[in-house]
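These notes concern the structure reproduced below.
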Amino acid sequence: MRLSDASVVIRPRNHWEAMDLGVLLSQRHRRLLMTSWAIVTLPIFALLSWALWDSPSLAVFIFWWLKPAFERLPLYILSKAMFGETPTLKQALRQWPRLLKPQLLASLTWRRLSLSRSFLMPVVQLEGLNGQARQQRLQVLLQRNAGAARWLTIIGVHLESALWIGLMVLFYLLLPQQTELDWSWQTLITATQQDWRWLEHLTNVFYVLVLVVWEPIYVACGFSLYLNRRTVLEAWDIELVFRRLRQRLASTAGVLLMAALLWVPVTQSTWAAEPVTSPDAPRLLEQPLTSQASRDSIKALLDQPPFKNKESVTRYRFGEENPAAEKAGDDKLPAWLRALLKLLEAQRFGAIATLIEVVLWGAVIGAVVLVIWRYRDWLRTFVRRRPSSTNKIDRPLPQQAFGLDLTRETLPADIAGSAESLWQSHPREALGLLYRALLSHLLHDYNMALKPADTEGQVLERIERLQQPALLAFSRNLTGHWQNMAYGHRLPPGPAQQELSDGWRELFGPGASR
């Protein structure tokens with residue numbers, strides 16, 4: 001390791017600046033780090049998933065537990081790249097089996113859950129220490145950097161989890177709307193575990209992809225903390241300064257040598273002319289100042305102003321004040337006025353504290369009231385799970401939804417018969433008639449609070465709260481065909497047309513729409 005070949009500036013840094021240096025270092029070599037990590041970890045993850053297909057959680061847990069073995073490869077790449085010897089991808093992959101040998105069992109057992117893992121890993125891999133030598137080295141390194149190393153792991157766990165959840169949410173947002181409607185909590189609970197096993201393996205894949213991006217950054221931050229600690233302990237920056245000075249003086253060494261040779265005879269003659277004063281000379285023995293007397297004199301000076309000013313303050317004081325001037329001014333005031341000022345001074349801070357407390361409690365109560373008022377409709381939904389048939393809807397009923405007229409006067413007397421007559425010639429109008437009639441029944445017969453801006457999914461959620469399985473099943477079937485026709489221009493097949501007409505008659509009777 002040659003400090004002069006370092007690819008970054010060697011100097012002492014604080015903990016967060018050192019970790020920021022690790023992030024920059026990982027970005028500089030991100031292609032090599034991410035590619036090597038993916039080549040090593042993805043086949044192992046695929047093998048674990050294939051062998052433990054019936055236990056996805058166990059597969060991802062074993063993969064997570066093996067992370068210290070995978071982290072040795074990014075550390076090797078960063079340690080070489082730090083000092084100008086960046087390996088190729090082929091060279092790094094060839095070195096990985098050799099990197100696994102030292103203390104792998106300890107790294108995967110009692111050291112696995114160490115919060116300082118990334119900071120202490122270079123001690124084993126780069127310094128090759130073990131046993132008592134390793135313990136002594138760790139005591140020195142962890143004197144000031146233990147907290148930063150632990151915080152790095154804690155922040156890394158939260159960031160890793162956030163990225164994992166973010167990928168799953170992104171996947172959910174990219175699902176088609178029809179698939180999203182079919183995924184309800186009831187279907188997830190009632191479905192067998194085997195039906196959703198592919199989804200668990202998919203979430204495991206998301207976690208592995210997150211590690212491809214994040215894990216090299218985590219290793220780089222721990223490595224930069226380790227380098228910063230060694231810079232402080234071993235004074236690498238000072239060593240580099242002396243090396244630069246030596247390089248500058250190497251070119252002028254000959255001139256300095258000639259000057260020294262010319263200067264030696266002159267100094268010898270000067271020293272010969274001057275008398276030599278020994279430590280036992282009478283002039284030095286008669287000095288009255290001894291070491292103890294000098295220490296006592298220095299201590300006496302430091303205990304006096306301006307080095308030490310002792311002052312006892314028993315009241316609050318703001319800014320720079322002059323006590324002597326205040327005392328002189330107070331003496332000119334009447335006695336009753338001085339007593340009043342002292343009383344106000346003693347009570348003003350209690351009054352200010354009480355006022356601040358009242359203002360804060362008022363702000364909290366106001367915020368709670370504002371939140372309740374802002375989300376009153378949402379809270380009303382949870383407080384009243386089932387709408388009462390006796391309650392009246394105070395606000396006017398909407399006349400349209402999804403561009404459909406919901407007034408009863410526009411509906412025919414026989415909904416199912418009219419739909420059957422329209423299936424052959426105008427199937428779109430037939431399906432629209434059934435869906436419009438369903439919304440009209442929900443609005444007028446079930447007192448459902450429909451809004452013009454509601455979506456089909458929100459309407460199904462409100463139907464589900466009615467706790468009527470037959471109505472819910474028919475509504476889901478009709479909504480699915482309605483969405484296929486409205487957004488995908490796909491008409492329902494012949495059996496489905498007859499099924500919708502028969503389902504309407506079973507729910508609302510053979511002929512009446514009102």
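Naming works like this for the structure tokens: A, B, ... for the chains as they're shown, residue 1 at the start of each chain, ligands 1 onward in shown order.
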At a cut-off of 8 Å, can you tabulate as a tab-separated table every residue of range 108-223 of chain A near range 67-83 of chain A together with its closest atom pair and the distance in Å to one decimal, using only C-alpha atoms and ordering rows by chain then number?
```
residue	atom	partner	partner_atom	distance
A:Leu108	CA	A:Pro68	CA	6.8
A:Arg112	CA	A:Pro68	CA	7.3
A:Pro122	CA	A:Leu75	CA	7.6
A:Gln125	CA	A:Arg72	CA	7.6
A:Glu215	CA	A:Glu71	CA	7.6
A:Pro216	CA	A:Pro74	CA	6.0
A:Val219	CA	A:Leu75	CA	6.4
A:Ala220	CA	A:Leu78	CA	7.0
A:Phe223	CA	A:Leu75	CA	7.2
```
Restrict the selected residues to C-alpha atoms and save them as a CSV table (one decimal), in the first residue's frame.
```csv
chain,number,residue,atom,x,y,z
A,108,LEU,CA,-21.4,-16.3,9.6
A,112,ARG,CA,-23.0,-12.1,11.9
A,122,PRO,CA,-11.0,-4.8,6.7
A,125,GLN,CA,-9.5,-9.3,5.2
A,215,GLU,CA,-24.7,-3.4,-0.7
A,216,PRO,CA,-21.6,-2.1,-2.5
A,219,VAL,CA,-19.3,-1.8,2.1
A,220,ALA,CA,-17.7,1.3,0.6
A,223,PHE,CA,-14.2,0.9,4.3
```
What's around range 430-443 of chain A at 6 Å? Count only C-alpha atoms, leave out sequence neighbours fewer than 5 positions away in its own chain, and write the answer as a JSON list (two decimals) with C-alpha atoms, in the first residue's frame.
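What landed in around_20.json:
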```json
[["chain", "number", "residue", "atom", "x", "y", "z"],
["A", 406, "LEU", "CA", -79.19, 7.66, -12.88],
["A", 419, "ALA", "CA", -81.49, -5.62, -22.12],
["A", 422, "LEU", "CA", -80.79, -5.00, -27.17],
["A", 423, "TRP", "CA", -78.14, -7.75, -26.92],
["A", 448, "MET", "CA", -75.57, 4.60, -1.10]]
```
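We find CA of Pro56 in chain A and CA of Leu42 in chain A to be spaced 15.2 Å apart.
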> If you count only C-alpha atoms, which residues fall within 10 Å of range 134-136 of chain A, apart from same-chain ones fewer than 5 positions away, as a VMD selection string?
Replying inline: chain A and resid 120 123 to 124 127 to 129 141
Selection from above, N, CA and C atoms, as a PDB file, in the first residue's frame, can you write it?
```pdb
ATOM      1  N   LEU A 120     -15.382  -3.259  10.622  1.00  0.00           N
ATOM      2  CA  LEU A 120     -14.383  -4.182  11.152  1.00  0.00           C
ATOM      3  C   LEU A 120     -13.947  -5.239  10.147  1.00  0.00           C
ATOM      4  N   VAL A 123     -10.234  -5.394   9.005  1.00  0.00           N
ATOM      5  CA  VAL A 123      -9.226  -5.891   9.947  1.00  0.00           C
ATOM      6  C   VAL A 123      -8.884  -7.342   9.648  1.00  0.00           C
ATOM      7  N   VAL A 124      -9.893  -8.139   9.298  1.00  0.00           N
ATOM      8  CA  VAL A 124      -9.678  -9.552   8.984  1.00  0.00           C
ATOM      9  C   VAL A 124      -9.157  -9.716   7.564  1.00  0.00           C
ATOM     10  N   GLU A 127      -5.851  -6.674   6.948  1.00  0.00           N
ATOM     11  CA  GLU A 127      -4.738  -6.770   7.885  1.00  0.00           C
ATOM     12  C   GLU A 127      -4.412  -8.208   8.254  1.00  0.00           C
ATOM     13  N   GLY A 128      -5.364  -9.149   8.075  1.00  0.00           N
ATOM     14  CA  GLY A 128      -5.115 -10.551   8.372  1.00  0.00           C
ATOM     15  C   GLY A 128      -4.921 -10.856   9.838  1.00  0.00           C
ATOM     16  N   LEU A 129      -5.551 -10.097  10.729  1.00  0.00           N
ATOM     17  CA  LEU A 129      -5.374 -10.304  12.171  1.00  0.00           C
ATOM     18  C   LEU A 129      -6.401 -11.286  12.694  1.00  0.00           C
ATOM     19  N   LEU A 141      -9.466   0.734  17.232  1.00  0.00           N
ATOM     20  CA  LEU A 141     -10.268   1.299  16.145  1.00  0.00           C
ATOM     21  C   LEU A 141     -11.633   1.770  16.622  1.00  0.00           C
TER      22      LEU A 141
END
```
>> Can you pull out the residues contacting Glu499 in chain A? Cut-off 12 Å, using only C-alpha atoms, and skip same-chain residues under 2 positions away; I want them as a list in words.
In response: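 Here the answer would be Ala416, Ala419, Glu420, Leu431, Phe474, Asn477, Leu478, His481, Pro492, Pro493, Gly494, Pro495, Ala496, Gln497, Ser501, Asp502, Gly503, Trp504, Arg505 and Glu506 of chain A.
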Based on the selection just made, write C-alpha atoms of those residues as an mmCIF file, in the first residue's frame.
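Below is the file out-v3.cif, written as the result:
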```cif
data_model
loop_
_atom_site.group_PDB
_atom_site.id
_atom_site.type_symbol
_atom_site.label_atom_id
_atom_site.label_comp_id
_atom_site.auth_asym_id
_atom_site.auth_seq_id
_atom_site.Cartn_x
_atom_site.Cartn_y
_atom_site.Cartn_z
ATOM 1 C CA ALA A 416 -83.868 -7.470 -17.980
ATOM 2 C CA ALA A 419 -81.489 -5.619 -22.118
ATOM 3 C CA GLU A 420 -82.248 -8.975 -23.802
ATOM 4 C CA LEU A 431 -74.663 -3.560 -20.987
ATOM 5 C CA PHE A 474 -73.493 -9.860 -9.463
ATOM 6 C CA ASN A 477 -69.459 -9.713 -12.685
ATOM 7 C CA LEU A 478 -71.314 -6.802 -14.260
ATOM 8 C CA HIS A 481 -67.831 -6.744 -18.286
ATOM 9 C CA PRO A 492 -69.264 -10.080 -23.216
ATOM 10 C CA PRO A 493 -69.805 -13.489 -24.854
ATOM 11 C CA GLY A 494 -73.260 -14.944 -25.437
ATOM 12 C CA PRO A 495 -73.484 -17.066 -22.250
ATOM 13 C CA ALA A 496 -72.383 -14.107 -20.174
ATOM 14 C CA GLN A 497 -75.157 -11.949 -21.674
ATOM 15 C CA SER A 501 -80.030 -10.918 -17.507
ATOM 16 C CA ASP A 502 -80.908 -13.885 -15.308
ATOM 17 C CA GLY A 503 -78.856 -12.476 -12.450
ATOM 18 C CA TRP A 504 -80.776 -9.212 -12.642
ATOM 19 C CA ARG A 505 -84.114 -11.034 -12.413
ATOM 20 C CA GLU A 506 -82.960 -13.055 -9.401
#
```
> Where in range 56-175 of chain A does DSSP assign helix (DSSP H, G or I), given as an NGL selection string?
Replying inline: :A and (56-65 or 67-70 or 72-82 or 89-99 or 104-107 or 117-125 or 131-173)
So that I have them on file, write out the residues from the current selection with C-alpha atoms, as a CSV table (one decimal), in the first residue's frame.
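That gives us out.csv:
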```csv
chain,number,residue,atom,x,y,z
A,56,PRO,CA,-39.6,-18.7,0.0
A,57,SER,CA,-39.1,-17.0,3.4
A,58,LEU,CA,-36.4,-19.6,4.3
A,59,ALA,CA,-34.7,-19.1,1.0
A,60,VAL,CA,-34.4,-15.3,1.3
A,61,PHE,CA,-33.4,-15.7,5.0
A,62,ILE,CA,-30.4,-17.9,4.1
A,63,PHE,CA,-29.5,-15.5,1.3
A,64,TRP,CA,-29.6,-12.6,3.8
A,65,TRP,CA,-27.5,-14.6,6.3
A,67,LYS,CA,-24.2,-11.4,3.0
A,68,PRO,CA,-20.9,-11.2,4.9
A,69,ALA,CA,-19.4,-13.8,2.5
A,70,PHE,CA,-20.6,-11.7,-0.5
A,72,ARG,CA,-15.7,-9.6,0.8
A,73,LEU,CA,-15.6,-9.2,-3.0
A,74,PRO,CA,-16.6,-5.4,-3.0
A,75,LEU,CA,-14.1,-4.8,-0.2
A,76,TYR,CA,-11.3,-6.4,-2.3
A,77,ILE,CA,-12.2,-4.3,-5.3
A,78,LEU,CA,-12.4,-1.0,-3.3
A,79,SER,CA,-9.1,-1.7,-1.5
A,80,LYS,CA,-7.3,-2.2,-4.8
A,81,ALA,CA,-9.0,0.7,-6.6
A,82,MET,CA,-8.3,3.1,-3.6
A,89,LEU,CA,-14.0,-8.2,-13.5
A,90,LYS,CA,-12.3,-11.4,-14.3
A,91,GLN,CA,-9.5,-10.8,-11.8
A,92,ALA,CA,-12.0,-9.9,-9.0
A,93,LEU,CA,-14.1,-13.1,-9.6
A,94,ARG,CA,-11.0,-15.2,-9.5
A,95,GLN,CA,-10.0,-13.8,-6.1
A,96,TRP,CA,-13.4,-14.3,-4.5
A,97,PRO,CA,-12.9,-18.0,-3.5
A,98,ARG,CA,-9.5,-17.1,-1.8
A,99,LEU,CA,-11.2,-14.2,0.0
A,104,LEU,CA,-15.6,-17.3,7.3
A,105,LEU,CA,-17.2,-19.5,10.0
A,106,ALA,CA,-16.9,-16.7,12.6
A,107,SER,CA,-18.3,-14.1,10.1
A,117,ARG,CA,-19.5,-5.4,10.5
A,118,SER,CA,-18.6,-3.2,7.6
A,119,PHE,CA,-16.2,-1.1,9.6
A,120,LEU,CA,-14.4,-4.2,11.2
A,121,MET,CA,-14.3,-6.4,8.1
A,122,PRO,CA,-11.0,-4.8,6.7
A,123,VAL,CA,-9.2,-5.9,9.9
A,124,VAL,CA,-9.7,-9.6,9.0
A,125,GLN,CA,-9.5,-9.3,5.2
A,131,GLY,CA,-7.1,-13.9,18.0
A,132,GLN,CA,-5.7,-11.5,20.6
A,133,ALA,CA,-4.1,-9.3,18.0
A,134,ARG,CA,-7.5,-8.7,16.4
A,135,GLN,CA,-9.1,-7.9,19.7
A,136,GLN,CA,-6.4,-5.3,20.6
A,137,ARG,CA,-6.7,-3.8,17.1
A,138,LEU,CA,-10.5,-3.5,17.5
A,139,GLN,CA,-10.2,-1.8,20.8
A,140,VAL,CA,-8.1,0.9,19.2
A,141,LEU,CA,-10.3,1.3,16.1
A,142,LEU,CA,-13.6,1.4,18.0
A,143,GLN,CA,-12.6,4.1,20.5
A,144,ARG,CA,-14.2,6.9,18.5
A,145,ASN,CA,-15.8,5.2,15.4
A,146,ALA,CA,-18.0,2.6,17.1
A,147,GLY,CA,-21.1,4.9,17.1
A,148,ALA,CA,-20.7,5.9,13.5
A,149,ALA,CA,-20.3,2.3,12.3
A,150,ARG,CA,-23.4,1.2,14.2
A,151,TRP,CA,-25.4,4.1,12.8
A,152,LEU,CA,-24.3,3.2,9.3
A,153,THR,CA,-25.8,-0.3,9.7
A,154,ILE,CA,-29.0,1.0,11.3
A,155,ILE,CA,-29.5,3.5,8.5
A,156,GLY,CA,-28.6,0.9,5.9
A,157,VAL,CA,-31.3,-1.5,7.3
A,158,HIS,CA,-34.0,1.2,7.1
A,159,LEU,CA,-32.9,2.3,3.6
A,160,GLU,CA,-32.7,-1.3,2.4
A,161,SER,CA,-36.2,-1.9,3.6
A,162,ALA,CA,-37.6,1.3,2.1
A,163,LEU,CA,-36.1,0.5,-1.3
A,164,TRP,CA,-37.6,-3.1,-1.1
A,165,ILE,CA,-41.1,-1.8,-0.2
A,166,GLY,CA,-40.8,0.9,-2.9
A,167,LEU,CA,-40.2,-1.8,-5.5
A,168,MET,CA,-43.2,-3.8,-4.4
A,169,VAL,CA,-45.4,-0.7,-4.4
A,170,LEU,CA,-44.1,0.2,-7.9
A,171,PHE,CA,-45.0,-3.3,-9.1
A,172,TYR,CA,-48.5,-2.9,-7.6
A,173,LEU,CA,-49.0,0.4,-9.3
```
> Expressed in Å to a single decimal, how great is the separation between CA of Ser475 in chain A and CA of Leu507 in chain A?
Replying inline: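 Straight-line distance from CA of Ser475 in chain A to CA of Leu507 in chain A works out to 10.7 Å.
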>> Which residues are close to Val232 in chain A, i.e. within 10 Å by only C-alpha atoms, leaving aside same-chain residues fewer than 5 positions away? Reply as a PyMOL selection string.
In response: chain A and resi 11-13+227+237-238
>> I'd like the interatomic distance between CA of Leu52 in chain A and CA of Thr203 in chain A, to a tenth of an Å.
In response: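 One can read the CA of Leu52 in chain A to CA of Thr203 in chain A distance as 15.0 Å.
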